[in-house]
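Q: File name final24.pdb; file contents PDB, C-alpha atoms, pLDDT in the B column; full text below.
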MODEL        1
ATOM      1  CA  MET A   1      24.532   9.239 -18.553  1.00 58.00           C
ATOM      2  CA  ARG A   2      23.823   6.258 -16.314  1.00 89.00           C
ATOM      3  CA  TYR A   3      20.040   6.866 -16.306  1.00 91.00           C
ATOM      4  CA  ILE A   4      19.902   7.499 -20.059  1.00 94.00           C
ATOM      5  CA  GLY A   5      22.100   4.475 -20.707  1.00 94.00           C
ATOM      6  CA  LYS A   6      19.715   2.264 -18.726  1.00 95.00           C
ATOM      7  CA  LEU A   7      16.762   3.777 -20.556  1.00 95.00           C
ATOM      8  CA  MET A   8      18.384   3.055 -23.934  1.00 96.00           C
ATOM      9  CA  LYS A   9      18.690  -0.641 -23.002  1.00 96.00           C
ATOM     10  CA  MET A  10      14.947  -0.981 -22.431  1.00 97.00           C
ATOM     11  CA  PRO A  11      12.960  -2.679 -25.220  1.00 97.00           C
ATOM     12  CA  GLY A  12      11.678  -0.325 -27.899  1.00 97.00           C
ATOM     13  CA  VAL A  13      13.657   2.777 -26.900  1.00 97.00           C
ATOM     14  CA  ILE A  14      14.920   4.603 -29.985  1.00 96.00           C
ATOM     15  CA  ALA A  15      16.444   7.674 -28.338  1.00 97.00           C
ATOM     16  CA  ALA A  16      16.713   9.236 -24.898  1.00 97.00           C
ATOM     17  CA  GLY A  17      18.329  12.288 -23.443  1.00 96.00           C
ATOM     18  CA  TYR A  18      18.443  15.237 -21.088  1.00 93.00           C
ATOM     19  CA  PHE A  19      17.605  18.866 -21.760  1.00 94.00           C
ATOM     20  CA  THR A  20      18.279  21.979 -19.750  1.00 92.00           C
ATOM     21  CA  TYR A  21      15.581  24.150 -18.264  1.00 85.00           C
ATOM     22  CA  LYS A  22      16.414  26.655 -21.004  1.00 90.00           C
ATOM     23  CA  GLY A  23      15.382  24.173 -23.698  1.00 92.00           C
ATOM     24  CA  GLU A  24      18.877  23.152 -24.826  1.00 95.00           C
ATOM     25  CA  ILE A  25      20.024  19.591 -25.369  1.00 96.00           C
ATOM     26  CA  ARG A  26      22.386  18.440 -22.634  1.00 94.00           C
ATOM     27  CA  ASP A  27      23.122  14.801 -23.488  1.00 94.00           C
ATOM     28  CA  TYR A  28      21.412  12.218 -25.651  1.00 96.00           C
ATOM     29  CA  MET A  29      21.804   8.743 -27.086  1.00 97.00           C
ATOM     30  CA  GLY A  30      20.116   7.117 -30.040  1.00 96.00           C
ATOM     31  CA  SER A  31      19.320   7.753 -33.661  1.00 90.00           C
ATOM     32  CA  LEU A  32      18.970  11.546 -33.658  1.00 94.00           C
ATOM     33  CA  SER A  33      21.128  14.124 -35.362  1.00 95.00           C
ATOM     34  CA  ASN A  34      22.390  17.051 -33.290  1.00 95.00           C
ATOM     35  CA  THR A  35      19.851  19.328 -34.991  1.00 96.00           C
ATOM     36  CA  GLU A  36      16.985  16.909 -34.310  1.00 96.00           C
ATOM     37  CA  ALA A  37      18.079  16.526 -30.690  1.00 96.00           C
ATOM     38  CA  GLN A  38      18.206  20.300 -30.187  1.00 97.00           C
ATOM     39  CA  ARG A  39      14.764  20.795 -31.732  1.00 96.00           C
ATOM     40  CA  LEU A  40      13.369  17.970 -29.632  1.00 95.00           C
ATOM     41  CA  ALA A  41      14.874  19.462 -26.452  1.00 96.00           C
ATOM     42  CA  ALA A  42      13.311  22.862 -27.193  1.00 96.00           C
ATOM     43  CA  MET A  43       9.921  21.279 -27.860  1.00 95.00           C
ATOM     44  CA  CYS A  44      10.103  19.067 -24.763  1.00 94.00           C
ATOM     45  CA  TYR A  45      10.914  22.025 -22.545  1.00 94.00           C
ATOM     46  CA  ALA A  46       8.225  24.292 -24.033  1.00 94.00           C
ATOM     47  CA  ASN A  47       5.536  21.642 -23.642  1.00 94.00           C
ATOM     48  CA  LEU A  48       6.749  20.725 -20.149  1.00 92.00           C
ATOM     49  CA  ARG A  49       6.415  24.348 -19.008  1.00 91.00           C
ATOM     50  CA  MET A  50       2.906  24.562 -20.468  1.00 92.00           C
ATOM     51  CA  VAL A  51       1.755  21.274 -18.904  1.00 91.00           C
ATOM     52  CA  HIS A  52       3.339  22.220 -15.566  1.00 86.00           C
ATOM     53  CA  MET A  53       1.567  25.613 -15.592  1.00 88.00           C
ATOM     54  CA  GLN A  54      -1.783  24.008 -16.371  1.00 88.00           C
ATOM     55  CA  GLY A  55      -1.162  21.462 -13.617  1.00 83.00           C
ATOM     56  CA  ASN A  56      -0.441  24.279 -11.170  1.00 83.00           C
ATOM     57  CA  MET A  57      -3.749  25.928 -12.074  1.00 84.00           C
ATOM     58  CA  LEU A  58      -5.654  22.666 -11.605  1.00 81.00           C
ATOM     59  CA  GLU A  59      -3.859  22.086  -8.324  1.00 80.00           C
ATOM     60  CA  ALA A  60      -4.853  25.551  -7.102  1.00 79.00           C
ATOM     61  CA  LEU A  61      -8.477  25.073  -8.170  1.00 78.00           C
ATOM     62  CA  THR A  62      -8.860  21.659  -6.541  1.00 76.00           C
ATOM     63  CA  ALA A  63      -6.459  21.904  -3.598  1.00 67.00           C
ATOM     64  CA  TYR A  64      -8.966  22.496  -0.839  1.00 64.00           C
ATOM     65  CA  LYS A  65     -12.603  21.754  -0.303  1.00 64.00           C
ATOM     66  CA  PRO A  66     -14.358  22.213   3.056  1.00 66.00           C
ATOM     67  CA  ASN A  67     -13.934  19.112   5.247  1.00 65.00           C
ATOM     68  CA  GLN A  68     -11.639  17.492   2.637  1.00 64.00           C
ATOM     69  CA  GLU A  69      -8.022  18.429   2.932  1.00 63.00           C
ATOM     70  CA  HIS A  70      -5.844  17.649  -0.150  1.00 61.00           C
ATOM     71  CA  CYS A  71      -8.601  16.332  -2.393  1.00 61.00           C
ATOM     72  CA  GLY A  72      -7.196  17.844  -5.552  1.00 64.00           C
ATOM     73  CA  LEU A  73      -4.688  17.273  -8.308  1.00 68.00           C
ATOM     74  CA  HIS A  74      -0.953  17.840  -8.213  1.00 71.00           C
ATOM     75  CA  SER A  75       1.153  19.715 -10.707  1.00 72.00           C
ATOM     76  CA  ALA A  76       2.542  17.731 -13.636  1.00 80.00           C
ATOM     77  CA  ASN A  77       6.239  16.847 -13.902  1.00 83.00           C
ATOM     78  CA  GLY A  78       5.988  15.425 -17.407  1.00 90.00           C
ATOM     79  CA  TRP A  79       3.861  14.519 -20.380  1.00 92.00           C
ATOM     80  CA  VAL A  80       3.344  11.755 -22.960  1.00 95.00           C
ATOM     81  CA  VAL A  81       2.138  11.733 -26.553  1.00 95.00           C
ATOM     82  CA  ARG A  82       1.335   8.292 -27.930  1.00 95.00           C
ATOM     83  CA  GLY A  83       1.153   7.933 -31.681  1.00 95.00           C
ATOM     84  CA  SER A  84       0.219   4.901 -33.749  1.00 95.00           C
ATOM     85  CA  GLN A  85       3.855   3.754 -34.047  1.00 96.00           C
ATOM     86  CA  LYS A  86       5.939   5.847 -31.668  1.00 96.00           C
ATOM     87  CA  SER A  87       5.534   7.675 -28.374  1.00 97.00           C
ATOM     88  CA  ILE A  88       7.472  10.410 -26.660  1.00 97.00           C
ATOM     89  CA  CYS A  89       7.711  10.535 -22.890  1.00 96.00           C
ATOM     90  CA  VAL A  90       9.056  13.535 -20.978  1.00 95.00           C
ATOM     91  CA  VAL A  91       9.659  13.404 -17.230  1.00 93.00           C
ATOM     92  CA  SER A  92      11.492  16.179 -15.405  1.00 90.00           C
ATOM     93  CA  ASP A  93      14.451  17.118 -17.630  1.00 91.00           C
ATOM     94  CA  SER A  94      14.600  13.888 -19.659  1.00 94.00           C
ATOM     95  CA  PHE A  95      12.918  12.509 -22.764  1.00 96.00           C
ATOM     96  CA  CYS A  96      12.499   9.122 -24.394  1.00 96.00           C
ATOM     97  CA  ILE A  97      11.267   8.132 -27.837  1.00 97.00           C
ATOM     98  CA  LEU A  98       9.689   4.684 -27.864  1.00 97.00           C
ATOM     99  CA  ASN A  99       8.705   2.313 -30.671  1.00 96.00           C
ATOM    100  CA  ASN A 100       5.256   1.180 -29.451  1.00 96.00           C
ATOM    101  CA  ILE A 101       5.429  -2.286 -31.004  1.00 96.00           C
ATOM    102  CA  ASP A 102       8.735  -3.213 -29.382  1.00 96.00           C
ATOM    103  CA  GLY A 103       8.358  -1.568 -25.972  1.00 95.00           C
ATOM    104  CA  SER A 104       5.980  -0.949 -23.104  1.00 94.00           C
ATOM    105  CA  LEU A 105       4.920   2.625 -22.413  1.00 95.00           C
ATOM    106  CA  SER A 106       3.946   1.624 -18.867  1.00 95.00           C
ATOM    107  CA  ALA A 107       7.390   0.151 -18.181  1.00 96.00           C
ATOM    108  CA  ILE A 108       9.147   3.220 -19.601  1.00 96.00           C
ATOM    109  CA  LEU A 109       7.046   5.650 -17.556  1.00 94.00           C
ATOM    110  CA  HIS A 110       7.475   3.603 -14.394  1.00 94.00           C
ATOM    111  CA  PHE A 111      11.256   3.590 -14.871  1.00 95.00           C
ATOM    112  CA  MET A 112      11.461   7.304 -15.723  1.00 94.00           C
ATOM    113  CA  LEU A 113       9.282   8.348 -12.784  1.00 91.00           C
ATOM    114  CA  ASN A 114      11.296   6.231 -10.348  1.00 91.00           C
ATOM    115  CA  GLU A 115      14.643   7.474 -11.637  1.00 90.00           C
ATOM    116  CA  THR A 116      13.620  11.136 -11.503  1.00 86.00           C
ATOM    117  CA  SER A 117      11.613  11.071  -8.266  1.00 80.00           C
ATOM    118  CA  GLU A 118      14.192  13.250  -6.472  1.00 79.00           C
ATOM    119  CA  ALA A 119      14.684  15.710  -9.360  1.00 75.00           C
ATOM    120  CA  PRO A 120      13.861  19.315  -8.483  1.00 69.00           C
ATOM    121  CA  ASN A 121      11.039  20.844 -10.479  1.00 67.00           C
ATOM    122  CA  HIS A 122      11.342  24.436  -9.288  1.00 60.00           C
ATOM    123  CA  LEU A 123      13.101  25.376 -12.539  1.00 60.00           C
ATOM    124  CA  ILE A 124      10.255  24.270 -14.800  1.00 62.00           C
TER     125      ILE A 124
ENDMDL
END
Write the structure described by the file as structure tokens, please.

A:
Amino acid sequence: MRYIGKLMKMPGVIAAGYFTYKGEIRDYMGSLSNTEAQRLAAMCYANLRMVHMQGNMLEALTAYKPNQEHCGLHSANGWVVRGSQKSICVVSDSFCILNNIDGSLSAILHFMLNETSEAPNHLI
């Protein structure tokens, strides 16, 4: 819980947690009920798989052009939806709900990407 605990201390974070690559809640902190956390974990995982698949297709389509090695995109390891008041960020097997007024989406994403840089994505 060290990573999630650090995330919860960042300005604007309402809830954060981990989910399994089967879409089940693993651990979470914040103002969510168990039912809300489980539903959120299932949604995070489903959307992550979809975004990852689309990223793989884009990577395959743009991976090689004559005389330009590696000019394309790379598969996605997460996604973000920013609303007028709140945002949800998903990176690897973790999620964060952010109050936009009180926190910085850029700071949250930077932290999440750095903390999960070594996480395996072969299970997505």

Q: Select, from A:Asn100, A:Ser106, A:Asn56, A:Ser94, the residue with the minimum atom-to-atom distance to Met29 in chain A, counting all atoms listed in the file.

A: A:Ser94

Q: So, counting all atoms listed in the file, which residue among A:Ala42, A:Ile88, A:Ile14, A:Leu7 is closest to Phe111 in chain A?

A: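 Under the stated criterion, the closest residue is A:Leu7.
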
Q: On this structure, which residues satisfy the PyMOL selection byres ((chain A and resi 84) around 12), written as a count of residues only?

A: 11

Q: Between A:Val91, A:Cys96, A:Val51, A:Met10, single out the one closest to Thr116 in chain A, counting all atoms listed in the file.

A: A:Val91

Q: Which is closest to Ser104 in chain A among A:Ala119, A:Lys6, A:Cys89, A:Met50, if we use only C-alpha atoms?

A: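 Under the stated criterion, the closest residue is A:Cys89.
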
Q: Between CA of Lys22 in chain A and CA of Ser92 in chain A, measure the distance and give it in Å to one decimal.

A: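 If I compute the distance from CA of Lys22 in chain A to CA of Ser92 in chain A, I get 12.9 Å.
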
Q: Which one is closest to Arg26 in chain A: A:Leu40, A:Met8, A:Ile108, A:Leu113? Count all atoms listed in the file.

A: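 Residue with the minimum atom-to-atom distance to Arg26 in chain A: A:Leu40.
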
Q: For the point (15.6, 21.2, -30.8) in the file's frame, write as a list of chain:residue names all residues with an atom no more than 9 Å away, counting all atoms listed in the file.

A: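 Returned residue set, sorted by chain then number, is A:Gly23, A:Glu24, A:Ile25, A:Asn34, A:Thr35, A:Glu36, A:Ala37, A:Gln38, A:Arg39, A:Leu40, A:Ala41, A:Ala42, A:Met43, A:Cys44.
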
Q: Please compute the CA of Leu48 in chain A-CA of Pro11 in chain A distance, one decimal, in Å.

A: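 Going from CA of Leu48 in chain A over to CA of Pro11 in chain A covers 24.7 Å.
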
Q: To one decimal place, how far is CA of His52 in chain A from CA of Leu109 in chain A in Å?

A: 17.1 Å

Q: Find the axis-aligned box for range 28-31 of chain A, covering all its listed atoms and adding 4 Å on each side, and write its centre and edge lengths in Å to one decimal as AutoDock Vina command-line options.

A:
--center_x 20.6 --center_y 9.7 --center_z -29.7 --size_x 10.5 --size_y 13.1 --size_z 16.0

Q: Determine the nearest neighbour of Gly103 in chain A from the options A:Val80, A:Val13, A:Ile4, A:Leu61, counting all atoms listed in the file.

A: A:Val13

Q: Translate the PyMOL selection byres ((chain A and resi 74-76) around 6), as applied to the file shown, into an explicit residue set as a list in words.

A: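 Taken over the shown coordinates, the PyMOL selection byres ((chain A and resi 74-76) around 6) returns His52, Gly55, Asn56, Glu59, Leu73, Asn77 and Gly78 of chain A.
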
Q: Please identify all polymer residues within 6 Å of Phe95 in chain A, counting all atoms listed in the file, omitting same-chain residues fewer than 4 positions from it, and present them as a list in words.

A: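 The residues satisfying every condition are Ala16, Gly17, Cys89 and Val90 of chain A.
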
Q: Go ahead and write the residues just picked, C-alpha atoms, as a compact mmCIF listing (two decimals), in the frame of the given file.

A:
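Output (again_13.txt):
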# COMPACT_ATOMS: atom_id res chain seq x y z
CA ALA A 16 16.71 9.24 -24.90
CA GLY A 17 18.33 12.29 -23.44
CA CYS A 89 7.71 10.54 -22.89
CA VAL A 90 9.06 13.54 -20.98

Q: I'd like the neighbourhood of Asp93 in chain A as an mmCIF file with C-alpha atoms, keeping the file's coordinate frame, where a residue qualifies if any of its atoms comes within 7 Å (using all atoms listed in the file), though same-chain residues fewer than 3 positions away should be ignored.

A:
data_model
loop_
_atom_site.group_PDB
_atom_site.id
_atom_site.type_symbol
_atom_site.label_atom_id
_atom_site.label_comp_id
_atom_site.auth_asym_id
_atom_site.auth_seq_id
_atom_site.Cartn_x
_atom_site.Cartn_y
_atom_site.Cartn_z
ATOM 1 C CA TYR A 18 18.443 15.237 -21.088
ATOM 2 C CA PHE A 19 17.605 18.866 -21.760
ATOM 3 C CA THR A 20 18.279 21.979 -19.750
#
